[in-house]
$ cat protein_38.txt   # compact mmCIF, C-alpha atoms
# COMPACT_ATOMS: atom_id res chain seq x y z
CA MET A 1 -0.18 -21.54 -49.06
CA GLY A 2 3.19 -22.85 -47.89
CA ILE A 3 5.02 -19.73 -49.14
CA ARG A 4 2.47 -17.44 -47.49
CA LEU A 5 2.94 -19.29 -44.20
CA ILE A 6 6.72 -18.95 -44.42
CA VAL A 7 6.42 -15.23 -45.16
CA CYS A 8 4.08 -14.75 -42.21
CA LEU A 9 6.47 -16.61 -39.91
CA LEU A 10 9.40 -14.50 -41.14
CA LEU A 11 7.43 -11.30 -40.56
CA PHE A 12 6.42 -12.48 -37.08
CA PHE A 13 10.04 -13.34 -36.27
CA ALA A 14 11.25 -9.95 -37.52
CA ALA A 15 8.61 -8.16 -35.43
CA SER A 16 9.59 -10.18 -32.36
CA VAL A 17 13.27 -9.34 -32.83
CA HIS A 18 12.41 -5.67 -33.29
CA ALA A 19 10.30 -5.64 -30.11
CA SER A 20 13.10 -7.38 -28.22
CA LEU A 21 15.61 -4.79 -29.43
CA LEU A 22 13.28 -1.98 -28.34
CA ARG A 23 13.01 -3.54 -24.88
CA GLU A 24 16.80 -3.81 -24.65
CA GLN A 25 17.17 -0.20 -25.73
CA ARG A 26 14.67 0.84 -23.08
CA GLU A 27 16.16 -1.24 -20.28
CA ALA A 28 19.88 -0.82 -20.95
CA PRO A 29 20.95 2.18 -18.83
CA ARG A 30 22.57 5.21 -20.44
CA TYR A 31 24.75 7.21 -18.10
CA MET A 32 23.86 10.88 -18.24
CA GLN A 33 25.03 13.94 -16.34
CA THR A 34 22.83 16.76 -15.05
CA THR A 35 23.48 20.21 -16.47
CA GLN A 36 21.73 22.00 -13.60
CA THR A 37 20.00 21.27 -10.33
CA SER A 38 16.87 19.42 -11.43
CA VAL A 39 13.54 18.41 -9.97
CA LEU A 40 12.77 14.68 -9.81
CA LEU A 41 9.24 13.35 -10.29
CA ALA A 42 7.82 9.88 -9.63
CA GLN A 43 4.56 8.07 -9.02
CA VAL A 44 3.87 7.73 -5.29
CA GLY A 45 0.64 5.94 -4.51
CA ASN A 46 -1.74 7.01 -7.27
CA ARG A 47 -0.16 10.42 -7.97
CA VAL A 48 2.92 11.68 -9.81
CA ILE A 49 4.61 14.17 -7.48
CA THR A 50 7.92 15.92 -6.84
CA VAL A 51 10.13 13.44 -4.98
CA GLY A 52 13.38 15.37 -4.70
CA THR A 53 16.16 17.14 -6.57
CA ILE A 54 19.50 16.16 -8.04
CA ASN A 55 22.41 18.59 -8.09
CA GLU A 56 24.22 19.88 -11.15
CA GLY A 57 26.96 17.61 -12.52
CA GLN A 58 25.58 14.38 -11.03
CA ILE A 59 25.31 11.10 -12.93
CA LEU A 60 22.16 9.01 -13.40
CA ALA A 61 21.53 5.72 -15.15
CA VAL A 62 18.72 6.68 -17.56
CA THR A 63 16.57 3.79 -18.79
CA SER A 64 14.38 5.54 -21.36
CA VAL A 65 13.97 8.90 -23.07
CA ALA A 66 10.53 10.25 -24.01
CA SER A 67 9.69 13.53 -25.75
CA ASP A 68 10.18 15.76 -22.70
CA TYR A 69 11.37 13.52 -19.87
CA SER A 70 13.99 10.87 -19.26
CA GLU A 71 13.17 7.92 -17.00
CA PHE A 72 15.29 6.36 -14.25
CA SER A 73 14.72 3.86 -11.44
CA PHE A 74 13.26 5.39 -8.31
CA GLY A 75 12.56 3.07 -5.41
CA PHE A 76 10.14 0.40 -6.60
CA GLY A 77 9.06 2.41 -9.63
CA THR A 78 10.09 4.94 -12.23
CA GLY A 79 11.29 8.51 -11.81
CA PHE A 80 11.27 11.32 -14.36
CA ILE A 81 13.66 14.19 -15.04
CA GLU A 82 13.48 16.83 -17.78
CA LYS A 83 15.38 15.57 -20.80
CA ASN A 84 16.99 18.92 -21.50
CA HIS A 85 18.58 18.87 -18.03
CA LEU A 86 20.81 15.94 -19.05
CA GLN A 87 23.82 15.51 -21.30
CA ALA A 88 26.41 12.88 -22.05
CA VAL A 89 28.96 12.38 -19.27
CA GLN A 90 31.60 15.08 -19.62
CA GLY A 91 35.39 14.71 -19.36
CA LYS A 92 36.98 11.55 -18.03
CA LEU A 93 34.68 10.87 -15.11
CA ARG A 94 34.68 7.18 -14.28
CA VAL A 95 31.02 6.27 -14.32
CA GLU A 96 31.53 3.12 -12.27
CA ASP A 97 32.86 5.19 -9.36
CA ARG A 98 29.62 7.13 -9.16
CA LEU A 99 27.07 4.33 -9.61
CA GLY A 100 25.93 1.52 -7.36
CA ASP A 101 25.44 -2.16 -7.96
CA LEU A 102 22.23 -2.26 -9.98
CA ASN A 103 21.60 -5.87 -8.95
CA LYS A 104 21.98 -5.39 -5.21
CA PRO A 105 18.63 -6.47 -3.67
CA PHE A 106 16.51 -4.37 -1.39
CA SER A 107 16.54 -5.30 2.27
CA ASN A 108 12.77 -5.42 3.06
CA ARG A 109 13.39 -2.23 5.02
CA ASN A 110 12.34 1.32 4.24
CA LEU A 111 13.06 4.73 5.60
CA VAL A 112 10.46 7.46 5.93
CA THR A 113 10.97 11.18 5.43
CA PHE A 114 8.85 13.96 6.92
CA ARG A 115 10.78 16.86 5.36
CA ASP A 116 13.28 17.30 2.53
CA VAL A 117 16.47 15.45 3.47
CA PRO A 118 19.99 15.63 1.99
CA LEU A 119 21.46 12.78 -0.03
CA TYR A 120 25.20 12.35 0.59
CA GLU A 121 27.77 10.63 -1.60
CA ALA A 122 29.25 8.90 1.46
CA PRO A 123 28.05 8.09 5.00
CA ASP A 124 29.51 11.34 6.24
CA ALA A 125 27.78 14.72 6.60
CA ARG A 126 30.99 16.35 5.33
CA SER A 127 30.84 14.51 2.00
CA ASN A 128 29.43 16.00 -1.19
CA ARG A 129 25.69 16.14 -1.61
CA PHE A 130 24.05 14.26 -4.46
CA GLY A 131 20.69 16.00 -4.05
CA THR A 132 17.63 15.81 -1.81
CA LEU A 133 14.82 13.36 -1.14
CA ALA A 134 11.45 15.01 -0.58
CA GLY A 135 9.43 14.80 2.61
CA ASN A 136 6.49 12.40 3.10
CA LEU A 137 8.11 9.48 1.28
CA ARG A 138 8.77 5.84 2.03
CA TYR A 139 11.97 4.73 0.31
CA PRO A 140 13.66 1.30 0.17
CA VAL A 141 16.93 0.83 2.02
CA LEU A 142 19.77 -1.29 0.65
CA SER A 143 21.74 -1.47 3.87
CA THR A 144 22.67 0.44 7.02
CA LEU A 145 25.90 1.16 8.83
CA ARG A 146 27.08 3.03 11.89
CA ASP A 147 29.84 5.59 11.63
CA ARG A 148 32.58 6.27 14.18
CA LEU A 149 30.17 8.50 16.14
CA ASN A 150 27.68 5.60 16.33
CA GLN A 151 25.30 7.39 13.99
CA THR A 152 23.22 5.20 11.66
CA TRP A 153 23.27 5.81 7.90
CA PHE A 154 20.80 4.44 5.35
CA GLN A 155 22.16 3.41 1.95
CA VAL A 156 19.70 3.98 -0.91
CA ARG A 157 19.80 3.79 -4.70
CA ILE A 158 18.33 6.41 -7.05
CA GLY A 159 18.76 6.10 -10.80
CA GLY A 160 21.48 3.50 -10.27
CA ARG A 161 23.29 5.89 -7.99
CA LEU A 162 24.19 4.98 -4.43
CA ALA A 163 23.54 7.67 -1.84
CA TRP A 164 23.41 7.95 1.93
CA ILE A 165 20.81 9.44 4.28
CA SER A 166 21.50 10.19 7.93
CA SER A 167 19.23 8.77 10.63
CA LEU A 168 19.20 12.33 11.99
CA ASP A 169 17.19 13.30 8.89
CA ALA A 170 14.95 10.24 8.43
CA ARG A 171 13.79 7.29 10.48
CA GLU A 172 13.23 3.63 9.80
CA ASP A 173 9.77 2.66 8.57
CA GLN A 174 7.73 0.99 11.32
CA GLY A 175 5.02 -0.22 8.96
CA ILE A 176 1.63 0.88 7.68
CA PRO A 177 -1.31 0.93 10.12
CA VAL A 178 -4.46 -0.92 9.04
CA LEU A 179 -7.29 0.52 11.13
CA THR A 180 -10.29 -1.64 12.01
CA TYR A 181 -13.85 -0.47 12.65
CA HIS A 182 -17.21 -2.24 12.83
CA HIS A 183 -20.27 -0.29 13.95
CA ILE A 184 -20.91 3.49 13.92
CA LEU A 185 -23.73 5.15 15.89
CA ARG A 186 -24.73 8.58 17.13
CA ASP A 187 -24.40 8.93 20.90
CA GLU A 188 -28.05 9.87 21.37
CA GLU A 189 -29.33 6.75 19.55
CA ASN A 190 -26.86 4.26 21.04
CA SER A 191 -28.94 2.71 23.79
CA ARG A 192 -27.88 -0.90 23.23
CA PHE A 193 -24.20 -0.91 22.25
CA ARG A 194 -22.63 1.51 24.71
CA GLN A 195 -20.64 -1.28 26.32
CA THR A 196 -19.58 -2.80 23.00
CA SER A 197 -15.96 -1.81 22.45
CA THR A 198 -16.20 -2.10 18.66
CA THR A 199 -19.04 0.42 18.37
CA THR A 200 -17.66 3.89 17.59
CA SER A 201 -19.57 7.15 17.91
CA VAL A 202 -20.12 9.22 14.79
CA ARG A 203 -18.49 12.18 16.53
CA ALA A 204 -15.36 10.20 17.43
CA PHE A 205 -15.05 8.72 13.95
CA SER A 206 -15.45 12.12 12.34
CA ASN A 207 -12.78 13.59 14.63
CA GLN A 208 -10.40 10.75 13.81
CA MET A 209 -10.87 11.20 10.07
CA THR A 210 -10.41 14.96 10.48
CA TRP A 211 -7.13 14.33 12.28
CA LEU A 212 -5.92 12.06 9.46
CA ARG A 213 -6.84 14.68 6.87
CA ASP A 214 -5.25 17.55 8.78
CA GLN A 215 -2.04 15.55 9.27
CA GLY A 216 -1.82 14.87 5.54
CA TYR A 217 -2.47 11.13 5.60
CA ALA A 218 -3.30 9.25 2.40
CA THR A 219 -5.76 6.37 2.67
CA LEU A 220 -4.55 3.31 0.80
CA THR A 221 -6.45 0.51 -0.88
CA LEU A 222 -5.52 -3.08 -0.10
CA TYR A 223 -4.16 -3.31 -3.65
CA GLN A 224 -1.66 -0.60 -2.72
CA LEU A 225 -0.93 -2.27 0.60
CA GLU A 226 -0.13 -5.46 -1.31
CA GLY A 227 2.25 -3.50 -3.53
CA TYR A 228 3.98 -2.22 -0.39
CA LEU A 229 4.08 -5.66 1.20
CA ARG A 230 5.68 -7.17 -1.91
CA ASN A 231 8.12 -4.29 -2.52
CA GLN A 232 6.45 -3.26 -5.77
CA MET A 233 5.11 0.26 -5.14
CA ASN A 234 6.26 3.65 -3.88
CA LEU A 235 4.03 5.05 -1.14
CA PRO A 236 3.92 8.19 1.02
CA ALA A 237 5.20 8.19 4.60
CA ARG A 238 1.86 9.36 5.96
CA ALA A 239 -0.35 6.49 4.86
CA VAL A 240 -3.06 4.42 6.50
CA VAL A 241 -5.55 1.71 5.50
CA ILE A 242 -9.13 1.97 6.82
CA THR A 243 -11.19 -1.23 7.10
CA PHE A 244 -14.70 -2.05 8.31
CA ASP A 245 -15.65 -5.63 9.18
CA ASP A 246 -19.08 -7.29 8.80
CA GLY A 247 -20.93 -4.95 6.40
CA LEU A 248 -23.27 -3.22 8.83
CA LYS A 249 -25.85 -0.70 7.65
CA SER A 250 -24.41 1.96 9.93
CA VAL A 251 -21.31 2.04 7.72
CA SER A 252 -23.27 3.26 4.70
CA ARG A 253 -25.38 5.59 6.86
CA TYR A 254 -22.61 7.30 8.84
CA ALA A 255 -19.06 6.32 7.87
CA TYR A 256 -19.54 6.55 4.11
CA PRO A 257 -20.48 10.28 3.88
CA ILE A 258 -17.62 11.29 6.18
CA LEU A 259 -15.06 9.34 4.16
CA ARG A 260 -16.52 10.56 0.87
CA ASP A 261 -16.39 14.20 1.92
CA TYR A 262 -12.70 13.83 2.88
CA GLY A 263 -11.83 12.02 -0.35
CA PHE A 264 -10.76 8.91 1.58
CA ASN A 265 -10.73 5.26 0.50
CA ALA A 266 -11.69 2.32 2.71
CA THR A 267 -12.29 -1.42 2.54
CA ALA A 268 -15.51 -3.17 3.60
CA PHE A 269 -15.08 -6.83 4.55
CA ILE A 270 -18.54 -8.27 3.89
CA ILE A 271 -20.22 -11.39 5.32
CA SER A 272 -21.73 -12.33 1.98
CA SER A 273 -24.57 -14.52 3.35
CA ARG A 274 -25.93 -11.54 5.31
CA ILE A 275 -26.35 -9.12 2.40
CA LYS A 276 -29.99 -8.01 2.26
CA ARG A 277 -32.00 -8.01 -0.95
CA HIS A 278 -33.65 -4.72 -0.03
CA PRO A 279 -32.64 -1.92 2.37
CA GLN A 280 -34.03 -2.27 5.87
CA LYS A 281 -35.71 0.55 7.76
CA TRP A 282 -33.09 2.08 10.07
CA ASP A 283 -33.14 0.70 13.60
CA PRO A 284 -30.16 1.67 15.79
CA THR A 285 -31.13 -0.89 18.44
CA SER A 286 -30.28 -3.87 16.20
CA LEU A 287 -27.36 -4.99 14.06
CA GLN A 288 -28.53 -4.43 10.50
CA PHE A 289 -26.61 -5.38 7.39
CA MET A 290 -26.28 -3.52 4.12
CA SER A 291 -28.39 -4.41 1.10
CA ILE A 292 -27.26 -4.97 -2.47
CA ALA A 293 -28.23 -1.41 -3.38
CA GLU A 294 -26.48 0.07 -0.36
CA LEU A 295 -23.27 -1.81 -1.10
CA LYS A 296 -23.30 -0.62 -4.70
CA ALA A 297 -23.95 2.95 -3.58
CA ILE A 298 -20.80 3.14 -1.42
CA GLN A 299 -18.36 1.74 -3.96
CA ASP A 300 -16.93 5.12 -4.89
CA VAL A 301 -15.33 5.01 -1.41
CA PHE A 302 -15.38 1.37 -0.31
CA ASP A 303 -13.64 -1.58 -1.92
CA ILE A 304 -15.72 -4.72 -1.28
CA GLN A 305 -13.78 -7.73 0.05
CA SER A 306 -14.57 -10.95 1.92
CA HIS A 307 -15.39 -11.67 5.55
CA THR A 308 -16.47 -15.24 4.57
CA HIS A 309 -19.95 -16.49 3.65
CA PHE A 310 -21.35 -18.65 6.53
CA LEU A 311 -18.30 -18.88 8.79
CA HIS A 312 -18.81 -15.68 10.79
CA ARG A 313 -20.19 -17.49 13.83
CA LEU A 314 -19.03 -18.59 17.26
CA GLY A 315 -19.17 -22.23 18.25
CA ALA A 316 -18.60 -24.17 21.45
CA GLY A 317 -16.77 -22.20 24.10
CA ARG A 318 -17.39 -19.06 22.02
CA HIS A 319 -14.53 -19.99 19.70
CA PRO A 320 -14.71 -19.03 16.01
CA VAL A 321 -16.59 -21.83 14.23
CA LEU A 322 -13.99 -21.71 11.44
CA LEU A 323 -11.49 -23.42 13.78
CA SER A 324 -13.71 -26.52 14.02
CA ARG A 325 -14.26 -26.91 10.27
CA SER A 326 -12.32 -29.08 7.84
CA TYR A 327 -10.08 -27.68 5.17
CA HIS A 328 -12.63 -28.55 2.46
CA ASN A 329 -15.50 -26.85 4.36
CA ILE A 330 -13.42 -23.72 4.78
CA LEU A 331 -12.31 -23.74 1.14
CA PHE A 332 -15.93 -24.15 -0.03
CA ASP A 333 -17.03 -21.19 2.10
CA PHE A 334 -14.19 -18.96 0.93
CA GLU A 335 -14.89 -19.73 -2.72
CA ARG A 336 -18.62 -19.18 -2.25
CA SER A 337 -17.98 -15.81 -0.66
CA ARG A 338 -15.79 -14.72 -3.56
CA ARG A 339 -18.49 -15.73 -6.05
CA ALA A 340 -21.22 -13.93 -4.11
CA LEU A 341 -19.20 -10.72 -3.90
CA ALA A 342 -18.22 -10.77 -7.58
CA GLN A 343 -21.39 -8.78 -8.35
CA PHE A 344 -19.72 -5.84 -6.61
CA ASN A 345 -16.07 -6.46 -7.36
CA PRO A 346 -14.39 -8.81 -9.86
CA HIS A 347 -11.19 -8.64 -7.78
CA VAL A 348 -12.17 -10.15 -4.43
CA TRP A 349 -8.59 -10.95 -3.43
CA TYR A 350 -8.54 -10.10 0.26
CA LEU A 351 -10.01 -11.78 3.33
CA SER A 352 -10.70 -10.89 6.95
CA TYR A 353 -10.83 -13.93 9.22
CA PRO A 354 -14.05 -14.02 11.34
CA PHE A 355 -13.29 -12.91 14.91
CA GLY A 356 -9.62 -13.07 13.94
CA GLY A 357 -9.72 -16.88 14.07
CA TYR A 358 -7.38 -18.81 11.81
CA ASP A 359 -5.30 -21.97 11.75
CA ASP A 360 -3.12 -23.79 9.23
CA LYS A 361 -6.22 -25.10 7.42
CA ALA A 362 -7.60 -21.58 7.04
CA LEU A 363 -4.32 -20.20 5.71
CA ARG A 364 -4.07 -22.99 3.13
CA ALA A 365 -7.72 -22.61 2.14
CA ALA A 366 -7.35 -18.84 1.75
CA ARG A 367 -4.45 -19.32 -0.62
CA ASP A 368 -6.18 -22.10 -2.56
CA ALA A 369 -9.43 -20.11 -2.82
CA GLY A 370 -7.59 -17.37 -4.69
CA PHE A 371 -7.09 -14.80 -1.95
CA ARG A 372 -3.81 -12.90 -2.06
CA MET A 373 -3.80 -11.44 1.48
CA ALA A 374 -5.73 -11.93 4.70
CA VAL A 375 -5.98 -9.76 7.80
CA THR A 376 -6.15 -10.86 11.42
CA THR A 377 -6.96 -9.19 14.75
CA VAL A 378 -3.33 -9.47 15.90
CA ARG A 379 -2.21 -6.01 16.97
CA GLY A 380 0.49 -4.31 14.91
CA LYS A 381 1.37 -2.72 11.59
CA VAL A 382 2.09 -4.21 8.17
CA LYS A 383 5.69 -4.36 6.98
CA PRO A 384 7.34 -5.62 3.79
CA GLY A 385 8.11 -9.31 4.06
CA ASP A 386 5.22 -10.08 6.45
CA ASN A 387 3.23 -13.24 5.80
CA PRO A 388 0.48 -11.94 3.45
CA PHE A 389 -2.08 -14.27 5.09
CA LEU A 390 -1.32 -13.12 8.65
CA LEU A 391 -1.45 -9.34 8.40
CA LYS A 392 -1.79 -7.33 11.61
CA ARG A 393 -4.26 -4.53 12.24
CA LEU A 394 -4.98 -1.84 14.83
CA TYR A 395 -8.38 -1.77 16.49
CA ILE A 396 -9.80 1.65 17.24
CA LEU A 397 -12.10 1.02 20.21
CA ARG A 398 -15.03 3.00 21.59
CA THR A 399 -13.00 4.04 24.64
CA ASP A 400 -9.96 5.22 22.67
CA SER A 401 -9.36 8.96 22.78
CA LEU A 402 -8.25 10.92 19.74
CA GLU A 403 -4.77 11.11 21.28
CA THR A 404 -4.69 7.31 21.63
CA MET A 405 -5.73 6.83 18.02
CA ALA A 406 -3.16 9.38 16.83
CA GLY A 407 -0.45 7.62 18.80
CA LEU A 408 -1.35 4.23 17.34
CA VAL A 409 -1.16 5.60 13.81
CA SER A 410 1.94 7.76 14.05
CA HIS A 411 4.27 5.65 16.23
$ encode --input "protein_38.txt" --output "structure tokens"
Amino acid sequence: MGIRLIVCLLLFFAASVHASLLREQREAPRYMQTTQTSVLLAQVGNRVITVGTINEGQILAVTSVASDYSEFSFGFGTGFIEKNHLQAVQGKLRVEDRLGDLNKPFSNRNLVTFRDVPLYEAPDARSNRFGTLAGNLRYPVLSTLRDRLNQTWFQVRIGGRLAWISSLDAREDQGIPVLTYHHILRDEENSRFRQTSTTTSVRAFSNQMTWLRDQGYATLTLYQLEGYLRNQMNLPARAVVITFDDGLKSVSRYAYPILRDYGFNATAFIISSRIKRHPQKWDPTSLQFMSIAELKAIQDVFDIQSHTHFLHRLGAGRHPVLLSRSYHNILFDFERSRRALAQFNPHVWYLSYPFGGYDDKALRAARDAGFRMAVTTVRGKVKPGDNPFLLKRLYILRTDSLETMAGLVSH
């Protein structure tokens, strides 16, 4: 028995060493040179797409070689280039002159491209071109500088290679808009909520979603937004998050089919104590909440997240009741909401504060309850480095024109 144990331990140790060597082989960069102008691919959001080109004779730090493609670092993820477009560095080129500092941290800033843009070897439009970065990308920036003409240049790193992009070709990322909706009604049936700013007409909502589709916007999940916030995921430039608060029946009746037909994703922040056991007969003159069956039926479009359990109420002075509760009461409610919503989603990681009300107790309780991000009603967009428990959103109100909505999203 003792000998068998020793043999098993030796085999386990040998396997561990082998796995460690494989990891080192994968992660240690090999400097390769392109034999022709080559297309670069990478995962952006949930798709692998063309993200640019690299010119002939350029050097990349390749981290892994598969059967057909070699891998290299691209933004916050991995890029791919055809293996047969690379060869060992030729002649006496000094690799260190062509490559950047692989350990230099990102700056919590991104640039966005809306067309293919040139990558220069130096912050000078007269310098040699390294390749191109494709349009509709967000890409992390290492640093910026101004040249003698007061023009701003973005320094980026692709495959270990430093390159420069002119601010004439790209602009700084202003953040991702998180759109907020509540209630959706047809104009002809809206006799009670015409003066309620958070009630949107079906026609207006459909027009807004059509505009997003026609402009090429991708709708992100909150999981992807978290990846963006934490500098862990490549995303397109034209990207938006769509959220609905409360869990009203009108969302499943009107918003869901529009979003489904456009192939869009959205998040439903649900007040878990108000989920109905059975669907209610439709009544546009009252605020009705979705049933268990209705929530399950919309999950191909909607990700179910928390809008608390019992805390969605106003107290004295019409202030959110959450603000008058103790830390332990808030924590209990948050945890109860997560448990109640687990029947729809095992990953209830995101919270919307009721009426946008929060304080230090709420932030601490959200973190301790297991949430990873929380959204507010503070106006603005989400940027890398923001406090994950104080994320801003943009409210699309009943009186907002399509032009107003488009301006909020695109600027």
$ closest_residue --input "protein_38.txt" --among "A:Arg379, A:Arg148, A:His347, A:Arg30" --to "Tyr223 (chain A)" --atoms "only C-alpha atoms"
A:His347
$ closest_residue --input "protein_38.txt" --among "A:Leu162, A:Leu220, A:Leu137, A:Leu287" --to "Ala122 (chain A)" --atoms "only C-alpha atoms"
A:Leu162
$ atom_distance --input "protein_38.txt" --atom1 "CA of Leu391 (chain A)" --atom2 "CA of Val378 (chain A)"
7.7 Å
$ atom_distance --input "protein_38.txt" --atom1 "CA of Ala255 (chain A)" --atom2 "CA of Asn207 (chain A)"
11.7 Å
$ closest_residue --input "protein_38.txt" --among "A:Glu335, A:Asp124, A:Glu82, A:Asp68" --to "Ser38 (chain A)" --atoms "all atoms listed in the file"
A:Glu82
$ residues_near_point --input "protein_38.txt" --point "(11.9, 2.4, -9.2)" --cutoff "9 Å" --atoms "only C-alpha atoms" --output "MDAnalysis selection string"
chainID A and resid 42 72:79 158:159 232:234
$ residues_around --input "protein_38.txt" --residues "region 48-54 of chain A" --least-positions-apart "5" --cutoff "9 Å" --atoms "only C-alpha atoms" --output "list in words"
Thr34, Gln36, Thr37, Ser38, Val39, Leu40, Leu41, Ala42, Gln43, Gly79, Asp116, Val117, Leu119, Arg129, Phe130, Gly131, Thr132, Leu133, Ala134, Gly135, Asn136 and Leu137 of chain A
$ closest_residue --input "protein_38.txt" --among "A:Leu145, A:Glu226, A:Phe244, A:Gly317" --to "Thr198 (chain A)" --atoms "all atoms listed in the file"
A:Phe244
$ closest_residue --input "protein_38.txt" --among "A:Glu188, A:Ala239, A:Asp360, A:Thr200" --to "Gln215 (chain A)" --atoms "only C-alpha atoms"
A:Ala239
$ residues_around --input "protein_38.txt" --residues "Lys383 (chain A)" --least-positions-apart "3" --cutoff "10 Å" --atoms "all atoms listed in the file" --output "NGL selection string"
:A and (108-110 or 173-177 or 225 or 228-231 or 380 or 386-388 or 391-392)
$ closest_residue --input "protein_38.txt" --among "A:Gln280, A:Gln195, A:Gln343, A:Ser324" --to "Ile304 (chain A)" --atoms "only C-alpha atoms"
A:Gln343
$ residues_around --input "protein_38.txt" --residues "Leu60 (chain A)" --least-positions-apart "2" --cutoff "6 Å" --atoms "all atoms listed in the file" --output "PyMOL selection string"
chain A and resi 31-32+62+159
$ axis_aligned_box --input "protein_38.txt" --around "region 114-127 of chain A" --padding-each-side "5 Å" --output "lines of an AutoDock Vina configuration file"
center_x = 19.9
center_y = 12.7
center_z = 2.7
size_x = 32.1
size_y = 19.2
size_z = 18.5
$ residues_around --input "protein_38.txt" --residues "Glu189 (chain A)" --least-positions-apart "4" --cutoff "9 Å" --atoms "only C-alpha atoms" --output "PyMOL selection string"
chain A and resi 185+284-285
$ atom_distance --input "protein_38.txt" --atom1 "CA of Leu363 (chain A)" --atom2 "CA of His309 (chain A)"
16.2 Å
$ residues_around --input "protein_38.txt" --residues "Leu235 (chain A)" --least-positions-apart "5" --cutoff "6 Å" --atoms "only C-alpha atoms" --output "ChimeraX atom specification"
/A:44-45,138
$ residues_near_point --input "protein_38.txt" --point "(-5.6, -26.1, 4.8)" --cutoff "10 Å" --atoms "only C-alpha atoms" --output "number ranges by chain"
A: 326-331, 359-368
$ closest_atom_pairs --input "protein_38.txt" --of "region 291-406 of chain A" --to "region 265-279 of chain A" --cutoff "8 Å" --atoms "all atoms listed in the file" --output "Markdown table"
| residue | atom | partner | partner_atom | distance |
| --- | --- | --- | --- | --- |
| A:Ser291 | CA | A:Lys276 | CA | 4.1 |
| A:Ile292 | CA | A:Arg277 | CA | 5.8 |
| A:Ala293 | CA | A:His278 | CA | 7.2 |
| A:Glu294 | CA | A:Pro279 | CA | 7.0 |
| A:Val301 | CA | A:Asn265 | CA | 5.0 |
| A:Phe302 | CA | A:Ala266 | CA | 4.9 |
| A:Asp303 | CA | A:Thr267 | CA | 4.7 |
| A:Ile304 | CA | A:Ala268 | CA | 5.1 |
| A:Gln305 | CA | A:Phe269 | CA | 4.8 |
| A:Ser306 | CA | A:Phe269 | CA | 4.9 |
| A:His307 | CA | A:Ile271 | CA | 4.8 |
| A:Thr308 | CA | A:Ile271 | CA | 5.4 |
| A:His309 | CA | A:Ser272 | CA | 4.8 |
| A:Phe310 | CA | A:Ser273 | CA | 6.1 |
| A:His312 | CA | A:Ile271 | CA | 7.1 |
| A:Ser337 | CA | A:Ser272 | CA | 5.8 |
| A:Ala340 | CA | A:Ser272 | CA | 6.3 |
| A:Leu341 | CA | A:Ser272 | CA | 6.6 |
| A:Leu351 | CA | A:Phe269 | CA | 7.2 |
| A:Ser352 | CA | A:Phe269 | CA | 6.4 |
